[in-house]
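Have a look at the structure below, then the notes.
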Amino acid sequence: MKPSIIYAAVIVLIAGIFHTGSGNAEYADVVLNKRAEKQGMRPVIYPHWFHRIRFRCKVCHHELGFKMRAGANDISMSAIIDGKYCGICHNNDVAWGVENCDLCHSGLPGLKTGIKGGAQTGGPGRW
Amino acid sequence: MDSRQREAGKMTRFRRRRTAASFSSDTWTVARSWPVVCALSTLFALLVACNTETLKSISTPSPPSASAPTENAAVAAPSSPAASRSEKWKSLTADGLHDPRSPAIKLLQQPAEALAPLPSDEAGNKVDWIAALDQGLINPRTNIRPDTHINVLDLDIFLSLNGALPIVKFPHRQHTMWLDCENCHEQIFKKKAGATPITMTDILEGKYCGQCHGAVAFPLTECNRCHSVLHRDFKKALAESKNKVVVRPK
């Protein structure tokens with residue numbers, strides 16, 4: 001019976017998802033740490049919950065061009081200072097500016113780039 | 001820094017309001033047939049084994065007092081620790097991501113402060129974001145550049161008519177309040193009902209609906225939010241939606 005195969009898959013996959021989820025982090029927080037820690041800064045924590053109170057998804061993911069895949073955007077500090085990525089808003093105009101290093105670089109050392117907070121999907125590679 | 005904090009404070013001073021717990025017995029109407037009952041109970045058993053804490057938050061309908069917003073934002077403000085704050089949202093110092101020694105920790109907003117006043121939900125951010133927007137409790141900006149705007153489309157798509165679980169109703173209206181057509185079309189979904197080969201296994205792997213649900217939008221543990229139309233209520237659901245397309249199985 002075909003449906004029972006699907007149920008089995010559903011169970012195994014969901015169990016997998018929960019197994020390695022970082023359960024305590026707020027849902028949808030993103031860690032950005034491809035470069036930061038190597039250069040002696042704390043990893044960057046980007047909170048979706050905080051930003052979606054202020055902006056629709058479409059503002060970042062359509063208008064400003066952020067790809068919907070953690071780690072897929074090549075965000076670097078010089079790009080931000082040039083007014084790209086986070087710097088489109090964090091420029092003392094839409095939001096406070098880049099001089100507030102610690103507000104973005106607030107993560108624990110050793111974190112890996114990726115989306116955090118409980119249930120997460122994204123394929124076997126993720127878990 | 002002062003103006004930043006003032007701005008942040010302003011954004012979170014939402015109207016106080018009490019909302020009934022949104023979780024209802026509906027959840028269990030999903031369990032219409034025994035294979036589903038078996039599957040779901042095994043699922044939950046596994047969840048207990050894997051992560052008791054996550055289970056607590058998704059499977060236990062919280063008592064009304066816990067799901068109602070805390071008295072007001074000030075009660076949950078960083079200056080008054082632990083005692084009054086609900087366990088629903090972990091404090092930034094205990095979330096396993098933020099460095100408690102970072103000088104920013106006192107400046108960043110605590111999730112409980114911003115999220116507790118919003119309509120509550122059982123999973124994800126524990127906020128019903130659709131209700132929050134529909135009720136005008138939040139008013140996220142629709143654009144940064146003046147020449148772009150938001151296009152809301154009222155079109156329901158009914159998928160998976162013959163499954164063992166209730167029928168899936170995909171509402172365009174709620175999605176297009178947040179997203180642009182191009183976030184989904186034609187990258188993730190074809191612009192023709194029934195043309196995309198969606199399966200639940202793919203969704204759980206982070207494709208199709210799972211690109212957002214399970215990452216940022218409410219997670220995949222909430223089966224009944226998508227599988228929302230009981231087979232016996234299908235006619236009624238069709239009559240209720242103004243514009244709709246039904247995807248007939250091939």
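FYI, nothing fancy with the structure tokens labels: chains A, B, ... in order, residues from 1 per chain, ligands from 1 as they appear.
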Quick one: residues within 8 Å of B:Leu220, only C-alpha atoms, excluding same-chain residues fewer than 5 positions away - as a ChimeraX atom specification?
/A:119 /B:204,210,213-214
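Neighbouring residues of B:Leu238 at 12 Å or closer, counting only C-alpha atoms and skipping chain neighbours under 3 positions away, are Leu155, Asp156, Ile157, Phe158, Ile167, Lys169, Val229, Leu230, His231, Arg232, Asp233, Phe234, Lys235, Ser241, Lys242, Asn243, Lys244, Val245 and Val246 of chain B.
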Surrounding residues of B:Glu182 excluding itself and chain neighbours under 2 positions, 12 Å, only C-alpha atoms, as a ChimeraX atom specification
/A:57-59,61-63,65,67-68 /B:150-151,175-176,178-180,184-191
Show which residues sit within 12 Å of A:Gly97, as a PyMOL selection string. Count only C-alpha atoms, and ignore same-chain residues fewer than 3 positions away.
(chain A and resi 80-83+86-94+100-104) or (chain B and resi 1+4)
Compile the residues of chain B that lie within 7 Å of chain A, evaluated using only C-alpha atoms, and express the compilation as a ChimeraX atom specification.
/B:4,39,43,46-47,50-51,54,90,95-99,102-104,108,124-125,138-144,178-180,183,201,204-206,210,214-216,219
Using C-alpha atoms, can you write the selected residues to a file as a PDB file, in the first residue's frame?
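This is the output file out16.pdb:
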ATOM      1  CA  ARG B   4      17.556  53.134  17.928  1.00  0.00           C
ATOM      2  CA  ALA B  39       1.883   7.106  11.872  1.00  0.00           C
ATOM      3  CA  LEU B  43       5.979  10.123  15.083  1.00  0.00           C
ATOM      4  CA  LEU B  46      10.065   9.320  18.117  1.00  0.00           C
ATOM      5  CA  LEU B  47       9.892  12.955  18.933  1.00  0.00           C
ATOM      6  CA  CYS B  50      14.728  12.694  20.114  1.00  0.00           C
ATOM      7  CA  ASN B  51      13.836  15.923  21.739  1.00  0.00           C
ATOM      8  CA  THR B  54      10.448  20.405  21.168  1.00  0.00           C
ATOM      9  CA  LYS B  90      14.130  31.414  25.308  1.00  0.00           C
ATOM     10  CA  ASP B  95      19.417  30.345  23.172  1.00  0.00           C
ATOM     11  CA  GLY B  96      22.703  28.648  22.344  1.00  0.00           C
ATOM     12  CA  LEU B  97      23.420  31.206  19.612  1.00  0.00           C
ATOM     13  CA  HIS B  98      24.123  34.536  21.284  1.00  0.00           C
ATOM     14  CA  ASP B  99      27.288  34.992  23.266  1.00  0.00           C
ATOM     15  CA  SER B 102      28.738  40.047  24.060  1.00  0.00           C
ATOM     16  CA  PRO B 103      28.217  43.715  24.862  1.00  0.00           C
ATOM     17  CA  ALA B 104      25.172  43.610  22.553  1.00  0.00           C
ATOM     18  CA  LEU B 108      19.167  43.382  21.527  1.00  0.00           C
ATOM     19  CA  GLY B 124       7.673  28.060  15.019  1.00  0.00           C
ATOM     20  CA  ASN B 125       7.910  31.551  16.478  1.00  0.00           C
ATOM     21  CA  ILE B 138       1.944  44.478  12.932  1.00  0.00           C
ATOM     22  CA  ASN B 139       2.389  46.554   9.819  1.00  0.00           C
ATOM     23  CA  PRO B 140       5.572  45.404   8.114  1.00  0.00           C
ATOM     24  CA  ARG B 141       6.781  47.678   5.320  1.00  0.00           C
ATOM     25  CA  THR B 142       5.896  46.563   1.796  1.00  0.00           C
ATOM     26  CA  ASN B 143       8.815  48.229   0.070  1.00  0.00           C
ATOM     27  CA  ILE B 144      12.025  50.207   0.428  1.00  0.00           C
ATOM     28  CA  TRP B 178       4.081  38.597   2.560  1.00  0.00           C
ATOM     29  CA  LEU B 179       5.627  37.430  -0.683  1.00  0.00           C
ATOM     30  CA  ASP B 180       5.999  38.441  -4.308  1.00  0.00           C
ATOM     31  CA  ASN B 183       9.332  34.200  -4.838  1.00  0.00           C
ATOM     32  CA  THR B 201       8.588  13.595   0.852  1.00  0.00           C
ATOM     33  CA  LEU B 204      10.062  17.379   4.051  1.00  0.00           C
ATOM     34  CA  GLU B 205      13.366  17.606   2.212  1.00  0.00           C
ATOM     35  CA  GLY B 206      12.980  21.353   1.930  1.00  0.00           C
ATOM     36  CA  GLY B 210       9.150  23.059   2.535  1.00  0.00           C
ATOM     37  CA  GLY B 214      10.171  24.344   8.248  1.00  0.00           C
ATOM     38  CA  ALA B 215      12.605  27.232   7.886  1.00  0.00           C
ATOM     39  CA  VAL B 216      10.820  30.549   8.418  1.00  0.00           C
ATOM     40  CA  PRO B 219       6.926  24.274  10.506  1.00  0.00           C
TER      41      PRO B 219
END
Counting only C-alpha atoms, the option among B:Pro119, B:Pro171, B:Pro146, B:Pro249 closest to B:Pro197:
B:Pro249
Quick one: pull the distance between atom CA of A:Gln39 and atom CA of A:Ser78, Å, one decimal.
12.9 Å
Point-to-point distance in Å for atom CA of B:Thr221 and atom CA of B:Gln109
27.4 Å
Write down as a VMD selection string the residues belonging to stretch 16-98 of chain A that are assigned alpha helix (DSSP H) by DSSP computed on the backbone.
chain A and resid 16 to 20 48 to 54 57 to 58 77 to 81
Write to file, as an mmCIF file, in the first residue's frame, the residues of the selection just made, with C-alpha atoms.
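Contents of part28.cif, as written:
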data_model
loop_
_atom_site.group_PDB
_atom_site.id
_atom_site.type_symbol
_atom_site.label_atom_id
_atom_site.label_comp_id
_atom_site.auth_asym_id
_atom_site.auth_seq_id
_atom_site.Cartn_x
_atom_site.Cartn_y
_atom_site.Cartn_z
ATOM 1 C CA GLY A 16 15.752 13.317 11.551
ATOM 2 C CA ILE A 17 14.789 16.946 11.482
ATOM 3 C CA PHE A 18 14.248 17.100 15.215
ATOM 4 C CA HIS A 19 17.287 15.090 16.034
ATOM 5 C CA THR A 20 19.813 17.740 15.188
ATOM 6 C CA HIS A 48 13.931 36.709 11.017
ATOM 7 C CA TRP A 49 11.336 37.214 13.752
ATOM 8 C CA PHE A 50 12.627 40.719 14.456
ATOM 9 C CA HIS A 51 12.803 41.805 10.825
ATOM 10 C CA ARG A 52 9.456 40.332 9.722
ATOM 11 C CA ILE A 53 7.640 42.517 12.249
ATOM 12 C CA ARG A 54 9.049 45.442 10.243
ATOM 13 C CA CYS A 57 9.531 38.820 3.093
ATOM 14 C CA LYS A 58 9.242 40.316 -0.366
ATOM 15 C CA MET A 77 31.762 43.356 5.398
ATOM 16 C CA SER A 78 33.040 45.490 2.538
ATOM 17 C CA ALA A 79 29.837 44.855 0.571
ATOM 18 C CA ILE A 80 27.793 45.937 3.600
ATOM 19 C CA ILE A 81 29.831 49.116 4.024
#
Which of stretch 139-213 of chain B end up as strand (DSSP E or B) when DSSP is run on this backbone - answer as a list of chain:residue names?
B:Arg141, B:Asp156, B:Ile157, B:Phe158, B:Leu159, B:Ile167, B:Val168, B:Lys169, B:Phe170, B:Pro171, B:His185, B:Phe189, B:His213
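Proximity to B:Ala123 was assessed for B:Pro166, B:Asp202, B:Lys88, B:Cys226 counting only C-alpha atoms; the smallest distance is recorded for B:Lys88.
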At what distance in Å, to one decimal, does atom CA of B:His172 lie from atom CA of B:Leu153?
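Interatomic distance here is 5.8 Å.
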